[in-house]
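The structure appears below as structure tokens.
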Amino acid sequence: MSKNPNLNIIDDLNEMARQIRRDIINMLVIAQTGHSGGPLGMADIFTALYFNKLNLDNSDPEMDERDYFFLSIGHIAPVWYATLARRGYYPIEEMKTLRRINGRLQGHPAPAKTHGLPGIEIASGSLGQGLSIAVGTAIGLRMDEKNNYVYCINGDGELQEGQLWEAMMTAAHHKVDNLTMIIDRNRCQIDNRTENVLALEPLADKLQAFNWKVYDIDGHNMQQILDTIDESKAFKGKPKVIIANTLMGRGVSFMEDNYKWHGIPPTTEQAGIALNELAPTKYKDFFDLEEMAEL
């Protein structure tokens, strides 16, 4: 198991999620490029996984018995970068290098072997592909009689990609029950609301019709997230999917539930407002307001 102690108290997990949101804002205002809405919306899910549920070891990212985690929606990389830094995979100060040329924190994530970060299995960003990789990994692990578990995060706008539904059919056909898919159901994508671009509802019914075990939760309720991850992992005979209902831009009043914040960073002034709304935590920011004033 991990050498970095897990957080077990709901209040501690919520505080870590708030710090990760602060890190996201700080990274984006330094870079002045990147995605704001999706990363802020998924901070609770990432915190639950990395600080309580995933079997991992930041000192040995490729340990044989690790859980496999795939981020199909690679453009929300800032939340993953912040989580990996806080989890000890790389120095916290390096978060200042988001999207810099020759840096490890590019706009879409990549593994260490291709100049990215430890703890990342594959490069991602071409939407629709992540679940196919996760399904193949889960089948391979089962063929090798290994007990590793596989998680994959997908966006709801990404569900408009046909390949993803092919992967769902494959997983159901092969009863891939060592896999949980988590859908970021924020109902926003870069152009508009998802239902205005290409309607997904009734989403749960569609997923059930594809023979997946479906859970529908509040993606910001930490206890519910933890309990549902446990329940999905224990369920056997089908692949599992958690519809995590989230708010794009969660925690920042002027960003919440606004699709226009899908792919833009805050200005320095907006970042200051956001950080004031995301009250300081017991953790130290890698970037403070005095530095921000010099931008």
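Chain labels follow the order of the structure tokens: the first chain is A, the next B, and so on; residue numbering restarts at 1 in every chain, and ligands are counted from 1 in their shown order.
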
Pull the strand (DSSP E or B) assignments for region 5-180 of chain A out of DSSP run on the backbone, and list those residues as a list in words.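 Residues of region 5-180 of chain A classed as strand (DSSP E or B): Tyr68, Phe69, Phe70, Leu71, Pro111, Leu117, Val150, Tyr151, Cys152, Ile153, Asn154, Gly155, Leu179 and Thr180 of chain A.
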
Non-local contacts of Met168 (chain A) (10 Å; only C-alpha atoms; under 2 positions in same chain excluded) as an NGL selection string: :A and (131-132 or 135 or 163-166 or 170-173 or 176 or 181 or 207 or 210-212 or 239 or 241)

Using C-alpha atoms, can you export the residues from the last selection as a PDB file, in the first residue's frame?
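Dumped to part-v1.pdb:
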```pdb
ATOM      1  CA  LEU A 131     -12.196   3.893 -21.900  1.00  0.00           C
ATOM      2  CA  SER A 132     -10.989   1.578 -24.681  1.00  0.00           C
ATOM      3  CA  VAL A 135     -11.173  -1.928 -20.857  1.00  0.00           C
ATOM      4  CA  GLN A 163     -15.697   4.805 -29.816  1.00  0.00           C
ATOM      5  CA  LEU A 164     -16.630   5.170 -26.183  1.00  0.00           C
ATOM      6  CA  TRP A 165     -19.896   3.281 -26.670  1.00  0.00           C
ATOM      7  CA  GLU A 166     -18.050   0.534 -28.550  1.00  0.00           C
ATOM      8  CA  THR A 170     -16.996  -4.692 -25.255  1.00  0.00           C
ATOM      9  CA  ALA A 171     -16.738  -4.335 -21.472  1.00  0.00           C
ATOM     10  CA  ALA A 172     -20.278  -5.590 -20.959  1.00  0.00           C
ATOM     11  CA  HIS A 173     -19.837  -8.507 -23.362  1.00  0.00           C
ATOM     12  CA  VAL A 176     -15.262  -6.736 -17.153  1.00  0.00           C
ATOM     13  CA  MET A 181     -15.826   4.253 -15.085  1.00  0.00           C
ATOM     14  CA  LEU A 207     -25.873   2.917 -19.623  1.00  0.00           C
ATOM     15  CA  PHE A 210     -25.568  -1.368 -22.345  1.00  0.00           C
ATOM     16  CA  ASN A 211     -25.541  -3.790 -19.390  1.00  0.00           C
ATOM     17  CA  TRP A 212     -23.440  -1.729 -16.977  1.00  0.00           C
ATOM     18  CA  PRO A 239     -18.557  -3.280 -15.506  1.00  0.00           C
ATOM     19  CA  VAL A 241     -20.141   3.291 -14.009  1.00  0.00           C
TER      20      VAL A 241
END
```

One decimal, Å: what's the distance from CA of Ile133 (chain A) over to CA of Phe70 (chain A), could you say? 8.1 Å

Which residues of region 61-98 of chain A sit at most 6 Å from region 31-48 of chain A, using only C-alpha atoms? Give each one's shortest atom pair and distance in Å (one decimal place), in chain and ascending residue order, as a tab-separated table.
```
residue	atom	partner	partner_atom	distance
A:Ile76	CA	A:Pro39	CA	4.9
A:Val79	CA	A:Pro39	CA	4.7
A:Leu98	CA	A:Ala31	CA	6.0
```

Which residues come within 10 Å of Gly116 (chain A), counting only C-alpha atoms, excluding same-chain residues fewer than 4 positions away, as a PDB file with C-alpha atoms, in the first residue's frame?
```pdb
ATOM      1  CA  ASN A 102       9.991  21.561 -22.335  1.00  0.00           C
ATOM      2  CA  GLY A 103       8.201  21.248 -18.999  1.00  0.00           C
ATOM      3  CA  ARG A 104       6.555  18.085 -17.677  1.00  0.00           C
ATOM      4  CA  LEU A 105       3.139  19.684 -17.091  1.00  0.00           C
ATOM      5  CA  GLN A 106       1.802  20.135 -20.591  1.00  0.00           C
ATOM      6  CA  HIS A 108      -2.548  17.282 -21.838  1.00  0.00           C
ATOM      7  CA  PRO A 109      -0.905  14.720 -19.544  1.00  0.00           C
ATOM      8  CA  ALA A 110       1.841  12.315 -20.548  1.00  0.00           C
ATOM      9  CA  PRO A 111       3.764   9.599 -18.664  1.00  0.00           C
ATOM     10  CA  ALA A 112       7.311  10.005 -17.375  1.00  0.00           C
ATOM     11  CA  ILE A 120       0.555   8.746 -15.393  1.00  0.00           C
ATOM     12  CA  GLU A 121       0.072   5.589 -17.452  1.00  0.00           C
ATOM     13  CA  ILE A 122      -0.633   7.017 -20.921  1.00  0.00           C
ATOM     14  CA  ALA A 123      -0.788  10.262 -22.864  1.00  0.00           C
TER      15      ALA A 123
END
```

Please provide as number ranges by chain all residues within 7 Å of Gly107 (chain A), with the sequence filter that same-chain residues fewer than 5 positions apart are discarded (counting only C-alpha atoms). A: 34, 75, 77, 99

Non-local contacts of region 27-30 of chain A (8 Å; only C-alpha atoms; under 2 positions in same chain excluded) as a VMD selection string: chain A and resid 23 to 25 32 to 36 78 95 to 98 265 to 268 271 292 295

Just C-alpha atoms for this one: save the residues we selected as a PDB file, in the first residue's frame.
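Output file part.pdb follows:
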```
ATOM      1  CA  ASP A  23      -3.552  25.010  -6.742  1.00  0.00           C
ATOM      2  CA  ILE A  24      -5.553  24.887  -9.970  1.00  0.00           C
ATOM      3  CA  ILE A  25      -6.274  28.615  -9.807  1.00  0.00           C
ATOM      4  CA  GLN A  32      -2.376  32.355 -18.429  1.00  0.00           C
ATOM      5  CA  THR A  33      -3.583  29.407 -20.466  1.00  0.00           C
ATOM      6  CA  GLY A  34      -5.471  26.212 -19.715  1.00  0.00           C
ATOM      7  CA  HIS A  35      -8.816  24.844 -18.589  1.00  0.00           C
ATOM      8  CA  SER A  36     -10.530  26.124 -15.437  1.00  0.00           C
ATOM      9  CA  PRO A  78      -4.499  20.747 -13.915  1.00  0.00           C
ATOM     10  CA  MET A  95       3.232  23.326 -10.422  1.00  0.00           C
ATOM     11  CA  LYS A  96       4.454  26.784 -11.432  1.00  0.00           C
ATOM     12  CA  THR A  97       5.591  25.312 -14.772  1.00  0.00           C
ATOM     13  CA  LEU A  98       2.167  24.445 -16.197  1.00  0.00           C
ATOM     14  CA  PRO A 265      -7.842  30.713 -17.334  1.00  0.00           C
ATOM     15  CA  PRO A 266      -8.722  33.462 -14.843  1.00  0.00           C
ATOM     16  CA  THR A 267      -7.145  36.884 -15.005  1.00  0.00           C
ATOM     17  CA  THR A 268      -5.029  37.993 -12.048  1.00  0.00           C
ATOM     18  CA  ALA A 271      -7.809  34.622  -9.512  1.00  0.00           C
ATOM     19  CA  MET A 292       0.522  37.411  -8.106  1.00  0.00           C
ATOM     20  CA  LEU A 295       2.362  39.413 -12.771  1.00  0.00           C
TER      21      LEU A 295
END
```

Report as a PyMOL selection string all protein, DNA and RNA residues lying within 9 Å of region 184-188 of chain A, evaluated on only C-alpha atoms, omitting residues in the same chain fewer than 5 positions from it. chain A and resi 38+41-42+153-157+193-195+219+242-248+257-260+262

May I ask for the distance between CA of Ser253 (chain A) and CA of Leu275 (chain A), given in Å to one decimal place?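 Calculated distance between CA of Ser253 (chain A) and CA of Leu275 (chain A) is 11.0 Å.
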
DSSP helix (DSSP H, G or I) residues within region 114-153 of chain A, as a list in words: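 The helix (DSSP H, G or I) subset of region 114-153 of chain A is Thr114, Gly130, Leu131, Ser132, Ile133, Ala134, Val135, Gly136, Thr137, Ala138, Ile139, Gly140, Leu141, Arg142 and Met143 of chain A.
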
Do a neighbour search on Asn178 (chain A) at 7 Å with only C-alpha atoms, toss out local chain neighbours closer than 6 positions, and write the hits as a PyMOL selection string. chain A and resi 138+149-150
